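run13.cif (mmCIF, C-alpha atoms; chains and numbers go by the auth columns) appears below.
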data_run
loop_
_atom_site.group_PDB
_atom_site.id
_atom_site.type_symbol
_atom_site.label_atom_id
_atom_site.label_comp_id
_atom_site.label_asym_id
_atom_site.label_seq_id
_atom_site.Cartn_x
_atom_site.Cartn_y
_atom_site.Cartn_z
_atom_site.B_iso_or_equiv
_atom_site.auth_seq_id
_atom_site.auth_asym_id
ATOM 1 C CA MET A 1 -24.483 -0.261 11.014 0.00 6 Q
ATOM 2 C CA THR A 2 -20.718 -0.215 10.447 0.00 7 Q
ATOM 3 C CA ILE A 3 -21.047 2.191 7.507 0.00 8 Q
ATOM 4 C CA ALA A 4 -23.958 4.555 6.897 0.00 9 Q
ATOM 5 C CA ILE A 5 -24.026 6.838 3.855 0.00 10 Q
ATOM 6 C CA GLU A 6 -27.015 9.104 3.331 0.00 11 Q
ATOM 7 C CA SER A 7 -27.917 11.429 0.426 0.00 12 Q
ATOM 8 C CA LEU A 8 -24.294 11.689 -0.703 0.00 13 Q
ATOM 9 C CA PHE A 9 -23.205 13.760 -3.675 0.00 14 Q
ATOM 10 C CA PHE A 10 -19.602 14.199 -4.822 0.00 15 Q
ATOM 11 C CA SER A 11 -17.955 15.971 -7.748 0.00 16 Q
ATOM 12 C CA TYR A 12 -14.469 16.843 -8.943 0.00 17 Q
ATOM 13 C CA GLY A 13 -14.907 20.456 -9.982 0.00 18 Q
ATOM 14 C CA ARG A 14 -17.901 20.505 -12.312 0.00 19 Q
ATOM 15 C CA THR A 15 -17.756 16.775 -13.000 0.00 20 Q
ATOM 16 C CA ASN A 16 -20.347 14.837 -11.021 0.00 21 Q
ATOM 17 C CA ILE A 17 -18.994 11.482 -9.816 0.00 22 Q
ATOM 18 C CA LEU A 18 -21.547 10.219 -7.283 0.00 23 Q
ATOM 19 C CA GLU A 19 -25.168 11.280 -6.973 0.00 24 Q
ATOM 20 C CA ASN A 20 -27.681 10.682 -4.197 0.00 25 Q
ATOM 21 C CA VAL A 21 -25.866 7.661 -2.747 0.00 26 Q
ATOM 22 C CA ARG A 22 -27.485 5.789 0.121 0.00 27 Q
ATOM 23 C CA LEU A 23 -25.589 2.795 1.470 0.00 28 Q
ATOM 24 C CA LEU A 24 -25.973 0.939 4.753 0.00 29 Q
ATOM 25 C CA VAL A 25 -23.452 -1.781 5.617 0.00 30 Q
ATOM 26 C CA GLU A 26 -23.958 -4.090 8.560 0.00 31 Q
ATOM 27 C CA LYS A 27 -21.153 -5.330 10.774 0.00 32 Q
ATOM 28 C CA GLY A 28 -19.476 -8.442 9.359 0.00 33 Q
ATOM 29 C CA GLU A 29 -20.861 -8.134 5.804 0.00 34 Q
ATOM 30 C CA PHE A 30 -18.684 -9.212 2.859 0.00 35 Q
ATOM 31 C CA ILE A 31 -19.616 -6.932 -0.030 0.00 36 Q
ATOM 32 C CA GLY A 32 -18.367 -6.906 -3.604 0.00 37 Q
ATOM 33 C CA ILE A 33 -18.236 -3.599 -5.465 0.00 38 Q
ATOM 34 C CA MET A 34 -18.451 -3.583 -9.252 0.00 39 Q
ATOM 35 C CA GLY A 35 -18.981 -0.947 -11.900 0.00 40 Q
ATOM 36 C CA PRO A 36 -17.427 0.675 -14.979 0.00 41 Q
ATOM 37 C CA ASN A 37 -14.100 2.476 -14.912 0.00 42 Q
ATOM 38 C CA GLY A 38 -14.725 6.044 -13.821 0.00 43 Q
ATOM 39 C CA GLY A 39 -18.016 5.055 -12.205 0.00 44 Q
ATOM 40 C CA GLY A 40 -16.904 6.143 -8.744 0.00 45 Q
ATOM 41 C CA LYS A 41 -15.778 2.918 -7.025 0.00 46 Q
ATOM 42 C CA THR A 42 -12.425 4.188 -5.737 0.00 47 Q
ATOM 43 C CA THR A 43 -13.960 7.573 -4.954 0.00 48 Q
ATOM 44 C CA LEU A 44 -16.550 5.829 -2.792 0.00 49 Q
ATOM 45 C CA LEU A 45 -13.792 4.062 -0.829 0.00 50 Q
ATOM 46 C CA LYS A 46 -11.937 7.357 -0.322 0.00 51 Q
ATOM 47 C CA LEU A 47 -15.124 8.984 0.979 0.00 52 Q
ATOM 48 C CA ILE A 48 -15.619 6.122 3.443 0.00 53 Q
ATOM 49 C CA MET A 49 -12.028 6.522 4.655 0.00 54 Q
ATOM 50 C CA GLY A 50 -12.406 10.284 5.001 0.00 55 Q
ATOM 51 C CA PHE A 51 -9.790 11.069 2.362 0.00 56 Q
ATOM 52 C CA LEU A 52 -12.472 13.030 0.520 0.00 57 Q
ATOM 53 C CA GLU A 53 -15.379 15.145 1.779 0.00 58 Q
ATOM 54 C CA PRO A 54 -18.815 14.815 0.163 0.00 59 Q
ATOM 55 C CA SER A 55 -20.265 17.820 -1.611 0.00 60 Q
ATOM 56 C CA LEU A 56 -23.541 17.002 0.130 0.00 61 Q
ATOM 57 C CA GLY A 57 -24.702 14.253 2.450 0.00 62 Q
ATOM 58 C CA THR A 58 -23.047 12.287 5.236 0.00 63 Q
ATOM 59 C CA VAL A 59 -20.686 9.340 5.707 0.00 64 Q
ATOM 60 C CA VAL A 60 -20.582 7.718 9.141 0.00 65 Q
ATOM 61 C CA THR A 61 -18.271 4.807 9.964 0.00 66 Q
ATOM 62 C CA GLU A 62 -17.828 2.829 13.161 0.00 67 Q
ATOM 63 C CA GLY A 63 -14.473 1.255 13.966 0.00 68 Q
ATOM 64 C CA VAL A 64 -10.921 1.188 12.620 0.00 69 Q
ATOM 65 C CA ILE A 65 -10.515 1.051 8.830 0.00 70 Q
ATOM 66 C CA GLY A 66 -7.800 -0.849 6.972 0.00 71 Q
ATOM 67 C CA TYR A 67 -7.163 -0.068 3.287 0.00 72 Q
ATOM 68 C CA VAL A 68 -5.509 -2.186 0.600 0.00 73 Q
ATOM 69 C CA PRO A 69 -4.817 -0.224 -2.616 0.00 74 Q
ATOM 70 C CA GLN A 70 -3.902 -1.687 -5.973 0.00 75 Q
ATOM 71 C CA VAL A 71 -0.170 -2.289 -6.024 0.00 76 Q
ATOM 72 C CA GLN A 72 -0.028 -0.404 -9.349 0.00 77 Q
ATOM 73 C CA ASN A 73 -1.111 2.721 -7.468 0.00 78 Q
ATOM 74 C CA THR A 74 1.725 2.615 -4.927 0.00 79 Q
ATOM 75 C CA ASP A 75 5.211 4.124 -5.055 0.00 80 Q
ATOM 76 C CA ARG A 76 7.442 1.147 -5.844 0.00 81 Q
ATOM 77 C CA ASP A 77 10.556 3.378 -5.783 0.00 82 Q
ATOM 78 C CA PHE A 78 10.216 4.354 -2.128 0.00 83 Q
ATOM 79 C CA PRO A 79 13.175 2.831 -0.230 0.00 84 Q
ATOM 80 C CA ILE A 80 11.474 0.567 2.288 0.00 85 Q
ATOM 81 C CA CYS A 81 11.687 -3.176 2.942 0.00 86 Q
ATOM 82 C CA VAL A 82 8.752 -5.523 3.465 0.00 87 Q
ATOM 83 C CA SER A 83 8.922 -5.660 7.272 0.00 88 Q
ATOM 84 C CA GLU A 84 9.160 -1.859 7.495 0.00 89 Q
ATOM 85 C CA LEU A 85 6.210 -1.429 5.131 0.00 90 Q
ATOM 86 C CA ILE A 86 4.029 -3.754 7.191 0.00 91 Q
ATOM 87 C CA LEU A 87 4.909 -1.966 10.441 0.00 92 Q
ATOM 88 C CA LEU A 88 3.547 1.259 8.932 0.00 93 Q
ATOM 89 C CA GLY A 89 0.123 -0.271 9.507 0.00 94 Q
ATOM 90 C CA ALA A 90 0.630 0.379 13.240 0.00 95 Q
ATOM 91 C CA LEU A 91 2.282 3.776 12.892 0.00 96 Q
ATOM 92 C CA SER A 92 -0.202 5.348 15.325 0.00 97 Q
ATOM 93 C CA GLU A 93 1.093 2.945 17.994 0.00 98 Q
ATOM 94 C CA ALA A 94 4.777 3.758 17.468 0.00 99 Q
ATOM 95 C CA SER A 95 6.776 5.493 20.185 0.00 100 Q
ATOM 96 C CA ILE A 96 7.922 9.087 19.838 0.00 101 Q
ATOM 97 C CA TRP A 97 11.250 7.655 18.609 0.00 102 Q
ATOM 98 C CA GLY A 98 9.489 5.690 15.858 0.00 103 Q
ATOM 99 C CA THR A 99 9.984 2.286 17.470 0.00 104 Q
ATOM 100 C CA PHE A 100 7.386 -0.450 17.908 0.00 105 Q
ATOM 101 C CA SER A 101 6.599 -2.664 20.867 0.00 106 Q
ATOM 102 C CA PRO A 102 7.527 -6.373 20.864 0.00 107 Q
ATOM 103 C CA LEU A 103 3.795 -7.199 20.626 0.00 108 Q
ATOM 104 C CA ILE A 104 3.371 -5.214 17.396 0.00 109 Q
ATOM 105 C CA LYS A 105 6.533 -6.743 15.928 0.00 110 Q
ATOM 106 C CA LYS A 106 5.230 -10.214 16.825 0.00 111 Q
ATOM 107 C CA ARG A 107 1.927 -9.444 15.072 0.00 112 Q
ATOM 108 C CA ALA A 108 3.852 -8.306 11.997 0.00 113 Q
ATOM 109 C CA GLU A 109 5.925 -11.502 12.005 0.00 114 Q
ATOM 110 C CA SER A 110 2.755 -13.575 12.308 0.00 115 Q
ATOM 111 C CA LEU A 111 1.169 -11.816 9.339 0.00 116 Q
ATOM 112 C CA MET A 112 4.283 -12.282 7.220 0.00 117 Q
ATOM 113 C CA GLU A 113 4.236 -15.981 8.017 0.00 118 Q
ATOM 114 C CA ARG A 114 0.529 -16.241 7.250 0.00 119 Q
ATOM 115 C CA LEU A 115 0.978 -14.533 3.889 0.00 120 Q
ATOM 116 C CA ASN A 116 4.172 -16.449 3.028 0.00 121 Q
ATOM 117 C CA LEU A 117 6.299 -13.307 3.171 0.00 122 Q
ATOM 118 C CA THR A 118 8.808 -14.263 5.879 0.00 123 Q
ATOM 119 C CA GLN A 119 11.577 -15.100 3.402 0.00 124 Q
ATOM 120 C CA HIS A 120 11.080 -11.665 1.810 0.00 125 Q
ATOM 121 C CA LYS A 121 11.001 -9.598 5.032 0.00 126 Q
ATOM 122 C CA HIS A 122 14.271 -7.801 4.217 0.00 127 Q
ATOM 123 C CA THR A 123 13.548 -7.438 0.485 0.00 128 Q
ATOM 124 C CA MET A 124 12.904 -3.925 -0.785 0.00 129 Q
ATOM 125 C CA PHE A 125 9.243 -3.371 -1.614 0.00 130 Q
ATOM 126 C CA GLY A 126 10.065 -2.214 -5.130 0.00 131 Q
ATOM 127 C CA GLN A 127 11.869 -5.478 -5.883 0.00 132 Q
ATOM 128 C CA LEU A 128 8.854 -7.675 -5.138 0.00 133 Q
ATOM 129 C CA SER A 129 6.636 -9.176 -7.807 0.00 134 Q
ATOM 130 C CA GLY A 130 3.177 -7.654 -8.085 0.00 135 Q
ATOM 131 C CA GLY A 131 1.621 -10.558 -6.186 0.00 136 Q
ATOM 132 C CA LEU A 132 4.075 -10.445 -3.286 0.00 137 Q
ATOM 133 C CA ALA A 133 3.758 -6.662 -3.073 0.00 138 Q
ATOM 134 C CA GLN A 134 -0.024 -6.982 -2.910 0.00 139 Q
ATOM 135 C CA ARG A 135 0.291 -9.500 -0.066 0.00 140 Q
ATOM 136 C CA ALA A 136 2.554 -7.054 1.807 0.00 141 Q
ATOM 137 C CA LEU A 137 -0.047 -4.296 1.405 0.00 142 Q
ATOM 138 C CA LEU A 138 -2.711 -6.614 2.827 0.00 143 Q
ATOM 139 C CA ALA A 139 -0.463 -7.429 5.804 0.00 144 Q
ATOM 140 C CA ARG A 140 0.040 -3.707 6.429 0.00 145 Q
ATOM 141 C CA ALA A 141 -3.729 -3.138 6.453 0.00 146 Q
ATOM 142 C CA LEU A 142 -4.331 -6.057 8.826 0.00 147 Q
ATOM 143 C CA LEU A 143 -1.635 -5.102 11.340 0.00 148 Q
ATOM 144 C CA SER A 144 -3.939 -2.628 13.112 0.00 149 Q
ATOM 145 C CA ASP A 145 -6.632 -5.351 13.389 0.00 150 Q
ATOM 146 C CA PRO A 146 -9.221 -3.161 11.610 0.00 151 Q
ATOM 147 C CA ASP A 147 -12.977 -3.523 11.999 0.00 152 Q
ATOM 148 C CA ILE A 148 -13.523 -2.519 8.359 0.00 153 Q
ATOM 149 C CA LEU A 149 -11.330 -3.728 5.498 0.00 154 Q
ATOM 150 C CA LEU A 150 -11.489 -1.905 2.159 0.00 155 Q
ATOM 151 C CA LEU A 151 -9.749 -3.504 -0.830 0.00 156 Q
ATOM 152 C CA ASP A 152 -9.411 -1.860 -4.239 0.00 157 Q
ATOM 153 C CA GLU A 153 -8.977 -4.665 -6.804 0.00 158 Q
ATOM 154 C CA PRO A 154 -6.375 -6.534 -4.723 0.00 159 Q
ATOM 155 C CA THR A 155 -6.067 -9.443 -7.160 0.00 160 Q
ATOM 156 C CA ALA A 156 -5.904 -7.469 -10.415 0.00 161 Q
ATOM 157 C CA ASN A 157 -2.902 -8.420 -12.583 0.00 162 Q
ATOM 158 C CA ILE A 158 -1.179 -10.621 -9.997 0.00 163 Q
ATOM 159 C CA ASP A 159 -0.163 -14.281 -10.071 0.00 164 Q
ATOM 160 C CA PRO A 160 -2.762 -16.988 -9.268 0.00 165 Q
ATOM 161 C CA ILE A 161 -0.902 -18.194 -6.153 0.00 166 Q
ATOM 162 C CA SER A 162 -0.931 -14.717 -4.589 0.00 167 Q
ATOM 163 C CA ALA A 163 -4.602 -14.286 -5.487 0.00 168 Q
ATOM 164 C CA GLN A 164 -5.381 -17.597 -3.796 0.00 169 Q
ATOM 165 C CA VAL A 165 -3.448 -16.603 -0.655 0.00 170 Q
ATOM 166 C CA ILE A 166 -5.330 -13.295 -0.470 0.00 171 Q
ATOM 167 C CA PHE A 167 -8.727 -14.923 -0.904 0.00 172 Q
ATOM 168 C CA GLU A 168 -7.940 -17.550 1.726 0.00 173 Q
ATOM 169 C CA ILE A 169 -7.279 -14.725 4.193 0.00 174 Q
ATOM 170 C CA LEU A 170 -10.529 -12.977 3.229 0.00 175 Q
ATOM 171 C CA GLU A 171 -12.508 -16.199 3.611 0.00 176 Q
ATOM 172 C CA ASP A 172 -11.085 -16.614 7.102 0.00 177 Q
ATOM 173 C CA LEU A 173 -12.081 -13.032 7.952 0.00 178 Q
ATOM 174 C CA LYS A 174 -15.631 -13.401 6.612 0.00 179 Q
ATOM 175 C CA GLY A 175 -18.121 -12.566 9.336 0.00 180 Q
ATOM 176 C CA LYS A 176 -15.344 -11.344 11.639 0.00 181 Q
ATOM 177 C CA LYS A 177 -14.690 -8.078 9.826 0.00 182 Q
ATOM 178 C CA THR A 178 -16.714 -5.872 7.520 0.00 183 Q
ATOM 179 C CA ILE A 179 -15.169 -6.291 4.056 0.00 184 Q
ATOM 180 C CA LEU A 180 -15.745 -4.162 0.956 0.00 185 Q
ATOM 181 C CA LEU A 181 -13.951 -5.557 -2.097 0.00 186 Q
ATOM 182 C CA VAL A 182 -13.740 -3.707 -5.419 0.00 187 Q
ATOM 183 C CA THR A 183 -13.297 -6.182 -8.253 0.00 188 Q
ATOM 184 C CA HIS A 184 -14.000 -6.790 -11.937 0.00 189 Q
ATOM 185 C CA ASP A 185 -13.800 -10.554 -11.408 0.00 190 Q
ATOM 186 C CA LEU A 186 -17.289 -11.939 -11.938 0.00 191 Q
ATOM 187 C CA ASN A 187 -16.442 -15.295 -10.353 0.00 192 Q
ATOM 188 C CA THR A 188 -15.371 -13.492 -7.188 0.00 193 Q
ATOM 189 C CA ILE A 189 -18.718 -11.754 -6.970 0.00 194 Q
ATOM 190 C CA ILE A 190 -20.699 -14.921 -7.582 0.00 195 Q
ATOM 191 C CA HIS A 191 -18.925 -17.313 -5.274 0.00 196 Q
ATOM 192 C CA ARG A 192 -17.509 -15.276 -2.390 0.00 197 Q
ATOM 193 C CA VAL A 193 -19.477 -12.166 -1.444 0.00 198 Q
ATOM 194 C CA GLU A 194 -22.838 -11.849 0.271 0.00 199 Q
ATOM 195 C CA ARG A 195 -24.025 -8.704 -1.486 0.00 200 Q
ATOM 196 C CA VAL A 196 -23.108 -6.763 -4.609 0.00 201 Q
ATOM 197 C CA ILE A 197 -22.879 -2.982 -4.830 0.00 202 Q
ATOM 198 C CA CYS A 198 -22.890 -1.586 -8.355 0.00 203 Q
ATOM 199 C CA VAL A 199 -21.365 1.892 -8.604 0.00 204 Q
ATOM 200 C CA LYS A 200 -21.900 3.943 -11.757 0.00 205 Q
ATOM 201 C CA GLY A 201 -22.645 7.459 -10.586 0.00 206 Q
ATOM 202 C CA ARG A 202 -25.443 6.115 -8.468 0.00 207 Q
ATOM 203 C CA VAL A 203 -25.249 3.063 -6.227 0.00 208 Q
ATOM 204 C CA SER A 204 -27.497 0.013 -6.373 0.00 209 Q
ATOM 205 C CA SER A 205 -27.439 -3.082 -4.189 0.00 210 Q
ATOM 206 C CA PHE A 206 -28.494 -6.626 -5.004 0.00 211 Q
ATOM 207 C CA LEU A 207 -27.692 -10.283 -4.400 0.00 212 Q
ATOM 208 C CA PRO A 208 -25.012 -12.335 -6.185 0.00 213 Q
ATOM 209 C CA LYS A 209 -27.680 -14.609 -7.654 0.00 214 Q
ATOM 210 C CA ASP A 210 -28.983 -11.633 -9.644 0.00 215 Q
ATOM 211 C CA VAL A 211 -25.655 -11.058 -11.412 0.00 216 Q
ATOM 212 C CA CYS A 212 -25.521 -12.278 -15.009 0.00 217 Q
ATOM 213 C CA GLU A 213 -22.913 -12.577 -17.757 0.00 218 Q
ATOM 214 C CA HIS A 214 -23.512 -8.980 -18.865 0.00 219 Q
ATOM 215 C CA PHE A 215 -21.369 -7.816 -15.945 0.00 220 Q
ATOM 216 C CA ALA A 216 -18.375 -9.675 -17.359 0.00 221 Q
ATOM 217 C CA MET A 217 -18.812 -7.607 -20.530 0.00 222 Q
ATOM 218 C CA GLY A 218 -18.945 -4.343 -18.581 0.00 223 Q
ATOM 219 C CA LEU A 219 -22.713 -3.973 -18.940 0.00 224 Q
ATOM 220 C CA TYR A 220 -23.882 -3.174 -15.415 0.00 225 Q
ATOM 221 C CA HIS A 221 -27.617 -3.032 -14.834 0.00 226 Q
ATOM 222 C CA SER A 222 -30.231 -3.566 -12.172 0.00 227 Q
ATOM 223 C CA PRO A 223 -31.303 -7.146 -11.354 0.00 228 Q
ATOM 224 C CA LEU A 224 -33.283 -8.827 -14.090 0.00 229 Q
ATOM 225 C CA MET A 225 -36.736 -10.262 -13.480 0.00 230 Q
ATOM 226 C CA ALA A 226 -35.531 -13.739 -14.449 0.00 231 Q
ATOM 227 C CA PRO A 227 -32.068 -15.250 -13.909 0.00 232 Q
ATOM 228 C CA CYS A 228 -29.810 -15.291 -16.942 0.00 233 Q
ATOM 229 C CA GLU A 229 -29.204 -18.730 -18.408 0.00 234 Q
ATOM 230 C CA ASN A 230 -25.445 -18.889 -18.036 0.00 235 Q
ATOM 231 C CA PRO A 231 -22.884 -20.789 -15.951 0.00 236 Q
ATOM 232 C CA PHE A 232 -22.204 -17.795 -13.703 0.00 237 Q
ATOM 233 C CA THR A 233 -25.753 -17.558 -12.380 0.00 238 Q
ATOM 234 C CA VAL A 234 -26.319 -18.699 -8.820 0.00 239 Q
ATOM 235 C CA ARG A 235 -29.795 -19.955 -8.189 0.00 240 Q
ATOM 236 C CA GLY A 236 -31.272 -19.156 -4.790 0.00 241 Q
#
Produce structure tokens that represent the structure in this file.
Amino acid sequence: MTIAIESLFFSYGRTNILENVRLLVEKGEFIGIMGPNGGGKTTLLKLIMGFLEPSLGTVVTEGVIGYVPQVQNTDRDFPICVSELILLGALSEASIWGTFSPLIKKRAESLMERLNLTQHKHTMFGQLSGGLAQRALLARALLSDPDILLLDEPTANIDPISAQVIFEILEDLKGKKTILLVTHDLNTIIHRVERVICVKGRVSSFLPKDVCEHFAMGLYHSPLMAPCENPFTVRG
């Protein structure tokens, strides 16, 4: 297993967020994470990354983790250009003078080209559109060549072209890296991921074919006995 979570409980003060979570993720899985706002999706990612400690239970991960936050949750006023931002993804490999090797710089250039960011390499991060900024954050996460890639709603409120570029990268990485993608986009869940994790205090796991139109309305429930008759349903 790349990620193993057992009997996990977490609370902020007296407010319980996650209860008795058990989650096993195999190497190379592409998993979609859905659930209501405040249900614990982002908290779960932070626990996996080690940014938070569980109140009870264990979280074990194997390999390097790359994280892509929502661009809305980043500091757009910080004075840094695109190429500098991306190089932060390899900060642990920088010299004691803060410089990077030619190999790392070449990897950064390759990622910028792949994500159509080369013409913006000297642009300040805060001056980018939401879509371009989100692409830069993905490039930063990929620079360290992570084994596990965690993405927190990377295509929320960005332009369709940027969303397409991001999903093309994720499709190419499918099976090569373990991917956990938080999203509210029902079509993403149906057509791209291999398994769905629903987080609403507790965590449940099921197949995309068991997702129905209720999810699009924010009504998250366990798999139904019979598939819903709607255009989103995938029949196995």
Counting only C-alpha atoms, what is within 6 Å of stretch 18-28 of chain Q, bar same-chain residues fewer than 6 positions away, as a tab-separated table (two decimals) with C-alpha atoms, in the coordinates of the input?
chain	number	residue	atom	x	y	z
Q	9	ALA	CA	-23.96	4.56	6.90
Q	10	ILE	CA	-24.03	6.84	3.86
Q	11	GLU	CA	-27.02	9.10	3.33
Q	12	SER	CA	-27.92	11.43	0.43
Q	45	GLY	CA	-16.90	6.14	-8.74
Q	206	GLY	CA	-22.64	7.46	-10.59
Q	207	ARG	CA	-25.44	6.12	-8.47
Q	208	VAL	CA	-25.25	3.06	-6.23
Report, in Å to a single decimal, how far apart atom CA of Q:Ile184 and atom CA of Q:Gly33 are. 7.2 Å
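Take atom CA of Q:Leu154 and atom CA of Q:Gly71: the distance between them is 4.8 Å.
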Name the residues captured by the PyMOL selection byres ((chain Q and resi 132-147) around 6) when it is applied to the shown file; answer as a list in words.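 Expected selection for the PyMOL selection byres ((chain Q and resi 132-147) around 6) here is Gly71, Tyr72, Val73, Val76, Ile91, Gly94, Leu116, Met129, Phe130, Gly131, Leu148, Ser149, Asp150, Ile163, Asp164 and Ser167 of chain Q.
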Taking the file as shown, find all residues satisfying the PyMOL selection byres ((chain Q and resi 42) around 12) and write them as a VMD selection string. chain Q and resid 22 38 to 41 43 to 48 158 187 to 189 203 to 206 223 to 225
Report as a Markdown table: every residue of stretch 55-153 of chain Q with an atom at most 10 Å from stretch 177-183 of chain Q, its closest pair of atoms, and their distance in Å to one decimal, counting all atoms listed in the file, with rows sorted by chain and ascending residue number.
| residue | atom | partner | partner_atom | distance |
| --- | --- | --- | --- | --- |
| Q:Gly68 | CA | Q:Thr183 | CA | 9.9 |
| Q:Ile70 | CA | Q:Thr183 | CA | 9.4 |
| Q:Asp150 | CA | Q:Lys182 | CA | 9.2 |
| Q:Pro151 | CA | Q:Lys182 | CA | 7.6 |
| Q:Asp152 | CA | Q:Lys182 | CA | 5.3 |
| Q:Ile153 | CA | Q:Thr183 | CA | 4.7 |
Expanded to explicit residues, what is the PyMOL selection byres ((chain Q and resi 123) around 12) for this file, as a JSON list (two decimals) with C-alpha atoms, in the coordinates of the input?
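Result written to result.json:
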[["chain", "number", "residue", "atom", "x", "y", "z"],
["Q", 86, "CYS", "CA", 11.69, -3.18, 2.94],
["Q", 87, "VAL", "CA", 8.75, -5.52, 3.46],
["Q", 88, "SER", "CA", 8.92, -5.66, 7.27],
["Q", 91, "ILE", "CA", 4.03, -3.75, 7.19],
["Q", 113, "ALA", "CA", 3.85, -8.31, 12.00],
["Q", 114, "GLU", "CA", 5.92, -11.50, 12.00],
["Q", 115, "SER", "CA", 2.76, -13.58, 12.31],
["Q", 116, "LEU", "CA", 1.17, -11.82, 9.34],
["Q", 117, "MET", "CA", 4.28, -12.28, 7.22],
["Q", 118, "GLU", "CA", 4.24, -15.98, 8.02],
["Q", 119, "ARG", "CA", 0.53, -16.24, 7.25],
["Q", 120, "LEU", "CA", 0.98, -14.53, 3.89],
["Q", 121, "ASN", "CA", 4.17, -16.45, 3.03],
["Q", 122, "LEU", "CA", 6.30, -13.31, 3.17],
["Q", 124, "GLN", "CA", 11.58, -15.10, 3.40],
["Q", 125, "HIS", "CA", 11.08, -11.66, 1.81],
["Q", 126, "LYS", "CA", 11.00, -9.60, 5.03],
["Q", 127, "HIS", "CA", 14.27, -7.80, 4.22],
["Q", 128, "THR", "CA", 13.55, -7.44, 0.48],
["Q", 137, "LEU", "CA", 4.08, -10.44, -3.29],
["Q", 140, "ARG", "CA", 0.29, -9.50, -0.07],
["Q", 141, "ALA", "CA", 2.55, -7.05, 1.81],
["Q", 144, "ALA", "CA", -0.46, -7.43, 5.80]]
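Picture a line from atom CA of Q:Ile194 to atom CA of Q:Pro213; it runs 6.4 Å.
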Find the residues around Q:Gly55 up to 10 Å (all atoms listed in the file counted), leave out those fewer than 5 positions away in its own chain, and share them as an MDAnalysis selection string. chainID Q and resid 49:50 64:66
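Nearest residue to Q:Lys32 among Q:Thr104, Q:Thr7, Q:Gln169, Q:Ser16 is Q:Thr7, counting all atoms listed in the file.
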For Q:Leu61, find every residue with an atom within 8 Å (counting all atoms listed in the file), except residues of its own chain fewer than 3 positions away, and show them as an NGL selection string. :Q and (12-15)
For Q:Asp190, the nearest of the candidates Q:Gly37, Q:Pro84, Q:Pro165, Q:Gly62, counting all atoms listed in the file: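 Distance minimum relative to Q:Asp190 lands on Q:Gly37.
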Spatial sel., origin (0.5, 2.0, 16.3), limit 10 Å, all atoms listed in the file, listed as number ranges by chain: Q: 92-100, 103-106, 109, 148-149
Save stretch 76-87 of chain Q of the structure in the block above to a file, with N, CA and C atoms included, as a CSV table (one decimal), in the first residue's frame.
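Result written to out_18.csv:
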chain,number,residue,atom,x,y,z
Q,76,VAL,N,-5.7,27.4,-6.1
Q,76,VAL,CA,-4.9,28.7,-6.2
Q,76,VAL,C,-5.5,29.8,-5.3
Q,77,GLN,N,-6.9,29.7,-5.0
Q,77,GLN,CA,-7.5,30.6,-4.2
Q,77,GLN,C,-6.9,30.6,-2.7
Q,78,ASN,N,-6.3,29.5,-2.4
Q,78,ASN,CA,-5.7,29.4,-1.0
Q,78,ASN,C,-4.2,29.7,-1.0
Q,79,THR,N,-3.7,30.3,-2.0
Q,79,THR,CA,-2.3,30.7,-2.0
Q,79,THR,C,-2.1,32.2,-1.9
Q,80,ASP,N,-0.9,32.6,-1.5
Q,80,ASP,CA,-0.6,34.0,-1.3
Q,80,ASP,C,-0.2,34.6,-2.7
Q,81,ARG,N,-1.2,35.3,-3.4
Q,81,ARG,CA,-0.9,35.8,-4.7
Q,81,ARG,C,-0.1,37.1,-4.6
Q,82,ASP,N,0.1,37.6,-3.4
Q,82,ASP,CA,0.9,38.9,-3.3
Q,82,ASP,C,2.4,38.6,-3.0
Q,83,PHE,N,2.8,37.4,-2.8
Q,83,PHE,CA,4.2,37.1,-2.5
Q,83,PHE,C,5.0,37.4,-3.8
Q,84,PRO,N,6.1,38.1,-3.7
Q,84,PRO,CA,6.8,38.5,-4.8
Q,84,PRO,C,7.7,37.4,-5.4
Q,85,ILE,N,7.2,36.6,-6.3
Q,85,ILE,CA,7.9,35.5,-6.8
Q,85,ILE,C,7.4,35.3,-8.3
Q,86,CYS,N,8.4,35.0,-9.2
Q,86,CYS,CA,7.9,34.7,-10.6
Q,86,CYS,C,7.7,33.3,-10.8
Q,87,VAL,N,7.1,32.9,-11.9
Q,87,VAL,CA,6.7,31.5,-12.2
Q,87,VAL,C,7.9,30.6,-12.1
